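Asks: Please see the structure below; I have some questions.
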Amino acid sequence: MSTLLIDLKGQQLEQEEVELLEHPLVAGLILFTRNFYDREQIQALIKEVRQRVKKPLLITVDQEGGRVQRFRSGFTQLPAMQSFAELCQDPAKQQRLAREAGWQMAAEMAALDIDLSFAPVLDLGHICKAIGDRSFHGEIEPAVRLAAQFIAGMKQAGMASTGKHFPGHGHVIADSHLETPYDERAKEQIFAEDIQPFQQLIAQNLLDAVMPAHVVYTQCDSQPASGSRYWLQDVLRNQLGFDGAIFSDDLGMKGAGFMGDFVERSEKALNAGCDLLLLCNEPDGVVQVLDKLKLNETAPHFAARQDRLHRLFKQKSFSWNELSKTERWLKNHKELTALQQDWLAAKA
């Protein structure tokens with residue numbers, strides 16, 4: 001069974017990396033800014049991966065927009081999600097911009113032969129250092145409305161959606177890239193507020209995947225959500241009825257250290273209910289997991305996990321030359337870039 005998503009060291013593919021990517025446990029690849037020089041280079045790198053690795057790989061990236069956009073030069077400067085509501089007073093225009101941003105992002109990634117960008121962020125509020133203006137809004141209704149439009153745009157371009165960071169990362173100050181955050185709020189408040197964007201978008205059948213947070217919600221469970229059977233099985237699967245893929249957030253992050261070494265983190269995330277595991281910036285950790293992680297391929301959920309993985313591959317293909325000449329892309333490129341520039345100016 002393929003379950004692990006790993007990264008590359010630089011802008012060229014090494015033979016050792018080809019061998020790692022061909023390992024039966026590896027399901028895909030996540031790309032970062034360090035893998036990017038310009039559009040021609042990243043297209044050539046992805047093409048080489050597709051040619052040299054003799055199996056289908058789910059190729060992914062974080063191309064949300066705003067400050068989390070791995071590829072910039074030669075691509076549309078996508079606006080921060082907070083900018084739609086903050087800079088536009090007209091709700092209809094807010095929704096149109098969100099939808100076009102989702103389409104523009106997904107179409108540009110598909111033109112590179114990338115399957116999936118991990119988006120959108122469904123966290124409420126802007127106080128968390130790790131989230132900030134990546135969040136659409138601090139209130140449930142506008143956050144859900146804008147996220148639904150962003151997802152609609154992604155789906156028009158053939159890309160699956162990934163809601164993150166379940167059940168909500170927006171109310172902790174700590175950054176889970178650096179430490180394990182603790183959310184001390186009452187269970188009732190989390191369910192009445194933070195979980196609502198996930199619950200409502202699942203009910204609308206708009207989420208294809210979910211990425212849980214490396215946050216401990218102390219009034220609910222002792223484990224971070226990314227390694228919690230309570231959050232992933234009892235709540236996400238059973239209470240909310242979610243049947244899409246569950247990604248672990250990056251198991252290389254400091255916030256995941258709570259769960260042990262890399263093999264233990266992977267085992268706990270799988271046992272908790274994750275289908276696909278991200279392990280980035282830890283090449284030794286990847287080797288440890290590939291050497292030592294044992295999967296039970298006779299388990300009843302094995303086939304379901306493989307089916308969820310297959311549903312995440314892109315549904316449409318675009319030629320960059322053709323895409324960048326379309327009226328929709330040209331209009332969006334101008335309008336979305338201007339919105340992000342206005343946002344940066346407002347924040348300066």
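Residues in the structure tokens are named by chain (A, B, ... in the order shown) and by number from 1 within that chain; ligands are numbered from 1 in the order shown.
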Give me the residues near region 267-280 of chain A as a PDB file with C-alpha atoms, in the first residue's frame, where near means some atom within 7 Å (using only C-alpha atoms) and where sequence neighbours in that chain fewer than 4 positions away do not count.
Replies:
```pdb
ATOM      1  CA  THR A   3       0.849   5.936   1.949  1.00  0.00           C
ATOM      2  CA  LEU A   4       3.867   8.269   2.198  1.00  0.00           C
ATOM      3  CA  LEU A   5       4.422  11.628   0.458  1.00  0.00           C
ATOM      4  CA  ILE A   6       8.060  12.724   0.412  1.00  0.00           C
ATOM      5  CA  ASP A   7      10.089  15.656  -0.927  1.00  0.00           C
ATOM      6  CA  SER A 226      -3.269  14.447  13.516  1.00  0.00           C
ATOM      7  CA  GLY A 227      -2.687  11.403  15.734  1.00  0.00           C
ATOM      8  CA  SER A 228      -6.065  11.147  17.439  1.00  0.00           C
ATOM      9  CA  ARG A 229      -8.591   8.365  16.859  1.00  0.00           C
ATOM     10  CA  LEU A 232     -10.263  11.321  12.974  1.00  0.00           C
ATOM     11  CA  GLN A 233     -12.512   8.307  13.629  1.00  0.00           C
ATOM     12  CA  ALA A 245      -8.796  11.089   2.215  1.00  0.00           C
ATOM     13  CA  ILE A 246      -7.182  12.167   5.478  1.00  0.00           C
ATOM     14  CA  PHE A 247      -3.651  13.557   5.175  1.00  0.00           C
ATOM     15  CA  SER A 248      -1.389  13.866   8.153  1.00  0.00           C
ATOM     16  CA  ASP A 249       0.141  17.311   8.358  1.00  0.00           C
ATOM     17  CA  ASP A 250       3.918  17.160   7.938  1.00  0.00           C
ATOM     18  CA  LEU A 251       5.261  14.542  10.358  1.00  0.00           C
ATOM     19  CA  GLY A 252       8.635  16.270  10.154  1.00  0.00           C
ATOM     20  CA  VAL A 263       8.324   5.521  12.526  1.00  0.00           C
ATOM     21  CA  VAL A 286      12.041   8.955   5.284  1.00  0.00           C
ATOM     22  CA  ARG A 305      -7.471   3.963   1.479  1.00  0.00           C
TER      23      ARG A 305
END
```
Asks: Find the spatial neighbours of region 18-29 of chain A, counting only C-alpha atoms, within a cut-off of 7 Å - ignore same-chain residues fewer than 2 positions away - and output them as JSON, numbers by chain.
Replies: {"A": [1, 2, 3, 4, 5, 6, 7, 14, 15, 16, 31, 52, 53, 54, 57, 58, 59, 60, 290]}
Asks: Within 9 Å of region 309-333 of chain A, which residues of region 177-247 of chain A show up? Give each one with its shortest atom-to-atom distance in Å (one decimal) and the two atoms involved, counting only C-alpha atoms, rows by chain then rising residue number, as a Markdown table.
Replies:
```
| residue | atom | partner | partner_atom | distance |
| --- | --- | --- | --- | --- |
| A:Asp208 | CA | A:Leu312 | CA | 7.4 |
| A:Ala209 | CA | A:Leu312 | CA | 8.1 |
| A:Gly244 | CA | A:Arg311 | CA | 8.5 |
| A:Ala245 | CA | A:Leu309 | CA | 6.7 |
```
Asks: Work out how far CA of Lys9 (chain A) is from CA of Phe75 (chain A), in Å to one decimal.
Replies: 22.3 Å
Asks: So how far away is CA of Ile114 (chain A) from CA of Leu207 (chain A), in Å?
Replies: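 Between CA of Leu207 (chain A) and CA of Ile114 (chain A) the gap is 18.6 Å.
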Asks: Name the closest residue to Met105 (chain A) among the candidates A:Ala80, A:Ile190, A:Val121, A:Ala157; distances are taken between atoms, counting only C-alpha atoms.
Replies: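 Using only C-alpha atoms, Met105 (chain A) sits closest to A:Ala157.
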Asks: Among region 260-309 of chain A, which residues carry a DSSP assignment of alpha helix (DSSP H), reported as a list in words?
Replies: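 Put together, the selection reads Phe262, Val263, Glu264, Arg265, Ser266, Glu267, Lys268, Ala269, Leu270, Asn271, Ala272, Pro283, Asp284, Gly285, Val286, Val287, Gln288, Val289, Leu290, Asp291, Lys292, Phe302, Ala303, Ala304, Arg305, Gln306, Asp307, Arg308 and Leu309 of chain A.
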Asks: Export N, CA and C atoms of the chosen residues as a PDB file, in the first residue's frame?
Replies:
```
ATOM      1  N   PHE A 262      10.173   9.049  13.934  1.00  0.00           N
ATOM      2  CA  PHE A 262       9.441   9.150  12.666  1.00  0.00           C
ATOM      3  C   PHE A 262       8.596   7.908  12.379  1.00  0.00           C
ATOM      4  N   VAL A 263       9.100   6.749  12.732  1.00  0.00           N
ATOM      5  CA  VAL A 263       8.324   5.521  12.526  1.00  0.00           C
ATOM      6  C   VAL A 263       7.116   5.509  13.461  1.00  0.00           C
ATOM      7  N   GLU A 264       7.337   5.891  14.725  1.00  0.00           N
ATOM      8  CA  GLU A 264       6.223   5.933  15.688  1.00  0.00           C
ATOM      9  C   GLU A 264       5.175   6.962  15.274  1.00  0.00           C
ATOM     10  N   ARG A 265       5.630   8.111  14.798  1.00  0.00           N
ATOM     11  CA  ARG A 265       4.682   9.138  14.329  1.00  0.00           C
ATOM     12  C   ARG A 265       3.831   8.594  13.182  1.00  0.00           C
ATOM     13  N   SER A 266       4.484   7.903  12.256  1.00  0.00           N
ATOM     14  CA  SER A 266       3.770   7.352  11.101  1.00  0.00           C
ATOM     15  C   SER A 266       2.763   6.296  11.538  1.00  0.00           C
ATOM     16  N   GLU A 267       3.180   5.415  12.449  1.00  0.00           N
ATOM     17  CA  GLU A 267       2.278   4.371  12.941  1.00  0.00           C
ATOM     18  C   GLU A 267       1.083   4.980  13.665  1.00  0.00           C
ATOM     19  N   LYS A 268       1.344   5.983  14.499  1.00  0.00           N
ATOM     20  CA  LYS A 268       0.247   6.601  15.255  1.00  0.00           C
ATOM     21  C   LYS A 268      -0.723   7.323  14.335  1.00  0.00           C
ATOM     22  N   ALA A 269      -0.173   8.015  13.324  1.00  0.00           N
ATOM     23  CA  ALA A 269      -1.049   8.722  12.392  1.00  0.00           C
ATOM     24  C   ALA A 269      -1.923   7.741  11.600  1.00  0.00           C
ATOM     25  N   LEU A 270      -1.325   6.635  11.140  1.00  0.00           N
ATOM     26  CA  LEU A 270      -2.100   5.620  10.418  1.00  0.00           C
ATOM     27  C   LEU A 270      -3.136   4.964  11.320  1.00  0.00           C
ATOM     28  N   ASN A 271      -2.718   4.608  12.530  1.00  0.00           N
ATOM     29  CA  ASN A 271      -3.646   3.958  13.462  1.00  0.00           C
ATOM     30  C   ASN A 271      -4.777   4.887  13.877  1.00  0.00           C
ATOM     31  N   ALA A 272      -4.479   6.175  13.912  1.00  0.00           N
ATOM     32  CA  ALA A 272      -5.521   7.143  14.257  1.00  0.00           C
ATOM     33  C   ALA A 272      -6.542   7.298  13.137  1.00  0.00           C
ATOM     34  N   PRO A 283      15.226  13.657   5.381  1.00  0.00           N
ATOM     35  CA  PRO A 283      15.597  12.522   4.512  1.00  0.00           C
ATOM     36  C   PRO A 283      15.943  11.263   5.299  1.00  0.00           C
ATOM     37  N   ASP A 284      16.598  11.411   6.443  1.00  0.00           N
ATOM     38  CA  ASP A 284      16.904  10.228   7.261  1.00  0.00           C
ATOM     39  C   ASP A 284      15.628   9.617   7.820  1.00  0.00           C
ATOM     40  N   GLY A 285      14.683  10.482   8.175  1.00  0.00           N
ATOM     41  CA  GLY A 285      13.395   9.986   8.675  1.00  0.00           C
ATOM     42  C   GLY A 285      12.638   9.207   7.616  1.00  0.00           C
ATOM     43  N   VAL A 286      12.699   9.675   6.379  1.00  0.00           N
ATOM     44  CA  VAL A 286      12.041   8.955   5.284  1.00  0.00           C
ATOM     45  C   VAL A 286      12.622   7.553   5.143  1.00  0.00           C
ATOM     46  N   VAL A 287      13.939   7.449   5.168  1.00  0.00           N
ATOM     47  CA  VAL A 287      14.595   6.135   5.049  1.00  0.00           C
ATOM     48  C   VAL A 287      14.184   5.230   6.215  1.00  0.00           C
ATOM     49  N   GLN A 288      14.139   5.780   7.424  1.00  0.00           N
ATOM     50  CA  GLN A 288      13.718   4.985   8.589  1.00  0.00           C
ATOM     51  C   GLN A 288      12.305   4.436   8.391  1.00  0.00           C
ATOM     52  N   VAL A 289      11.399   5.295   7.929  1.00  0.00           N
ATOM     53  CA  VAL A 289      10.006   4.866   7.746  1.00  0.00           C
ATOM     54  C   VAL A 289       9.905   3.814   6.648  1.00  0.00           C
ATOM     55  N   LEU A 290      10.609   4.022   5.539  1.00  0.00           N
ATOM     56  CA  LEU A 290      10.544   3.055   4.443  1.00  0.00           C
ATOM     57  C   LEU A 290      11.145   1.708   4.854  1.00  0.00           C
ATOM     58  N   ASP A 291      12.131   1.746   5.725  1.00  0.00           N
ATOM     59  CA  ASP A 291      12.772   0.505   6.182  1.00  0.00           C
ATOM     60  C   ASP A 291      11.936  -0.241   7.221  1.00  0.00           C
ATOM     61  N   LYS A 292      11.234   0.504   8.092  1.00  0.00           N
ATOM     62  CA  LYS A 292      10.680  -0.117   9.299  1.00  0.00           C
ATOM     63  C   LYS A 292       9.163  -0.101   9.414  1.00  0.00           C
ATOM     64  N   PHE A 302      -7.894  -1.205   3.888  1.00  0.00           N
ATOM     65  CA  PHE A 302      -6.814  -1.078   2.903  1.00  0.00           C
ATOM     66  C   PHE A 302      -7.348  -0.631   1.545  1.00  0.00           C
ATOM     67  N   ALA A 303      -8.365  -1.306   1.041  1.00  0.00           N
ATOM     68  CA  ALA A 303      -8.918  -0.965  -0.280  1.00  0.00           C
ATOM     69  C   ALA A 303      -9.515   0.430  -0.273  1.00  0.00           C
ATOM     70  N   ALA A 304     -10.171   0.812   0.839  1.00  0.00           N
ATOM     71  CA  ALA A 304     -10.770   2.154   0.924  1.00  0.00           C
ATOM     72  C   ALA A 304      -9.692   3.224   0.853  1.00  0.00           C
ATOM     73  N   ARG A 305      -8.552   2.973   1.504  1.00  0.00           N
ATOM     74  CA  ARG A 305      -7.471   3.963   1.479  1.00  0.00           C
ATOM     75  C   ARG A 305      -6.914   4.133   0.069  1.00  0.00           C
ATOM     76  N   GLN A 306      -6.760   3.048  -0.646  1.00  0.00           N
ATOM     77  CA  GLN A 306      -6.252   3.143  -2.013  1.00  0.00           C
ATOM     78  C   GLN A 306      -7.247   3.865  -2.925  1.00  0.00           C
ATOM     79  N   ASP A 307      -8.528   3.625  -2.705  1.00  0.00           N
ATOM     80  CA  ASP A 307      -9.560   4.304  -3.497  1.00  0.00           C
ATOM     81  C   ASP A 307      -9.542   5.807  -3.234  1.00  0.00           C
ATOM     82  N   ARG A 308      -9.370   6.182  -1.958  1.00  0.00           N
ATOM     83  CA  ARG A 308      -9.313   7.619  -1.623  1.00  0.00           C
ATOM     84  C   ARG A 308      -8.117   8.283  -2.276  1.00  0.00           C
ATOM     85  N   LEU A 309      -6.979   7.589  -2.317  1.00  0.00           N
ATOM     86  CA  LEU A 309      -5.797   8.122  -2.991  1.00  0.00           C
ATOM     87  C   LEU A 309      -6.083   8.348  -4.473  1.00  0.00           C
TER      88      LEU A 309
END
```
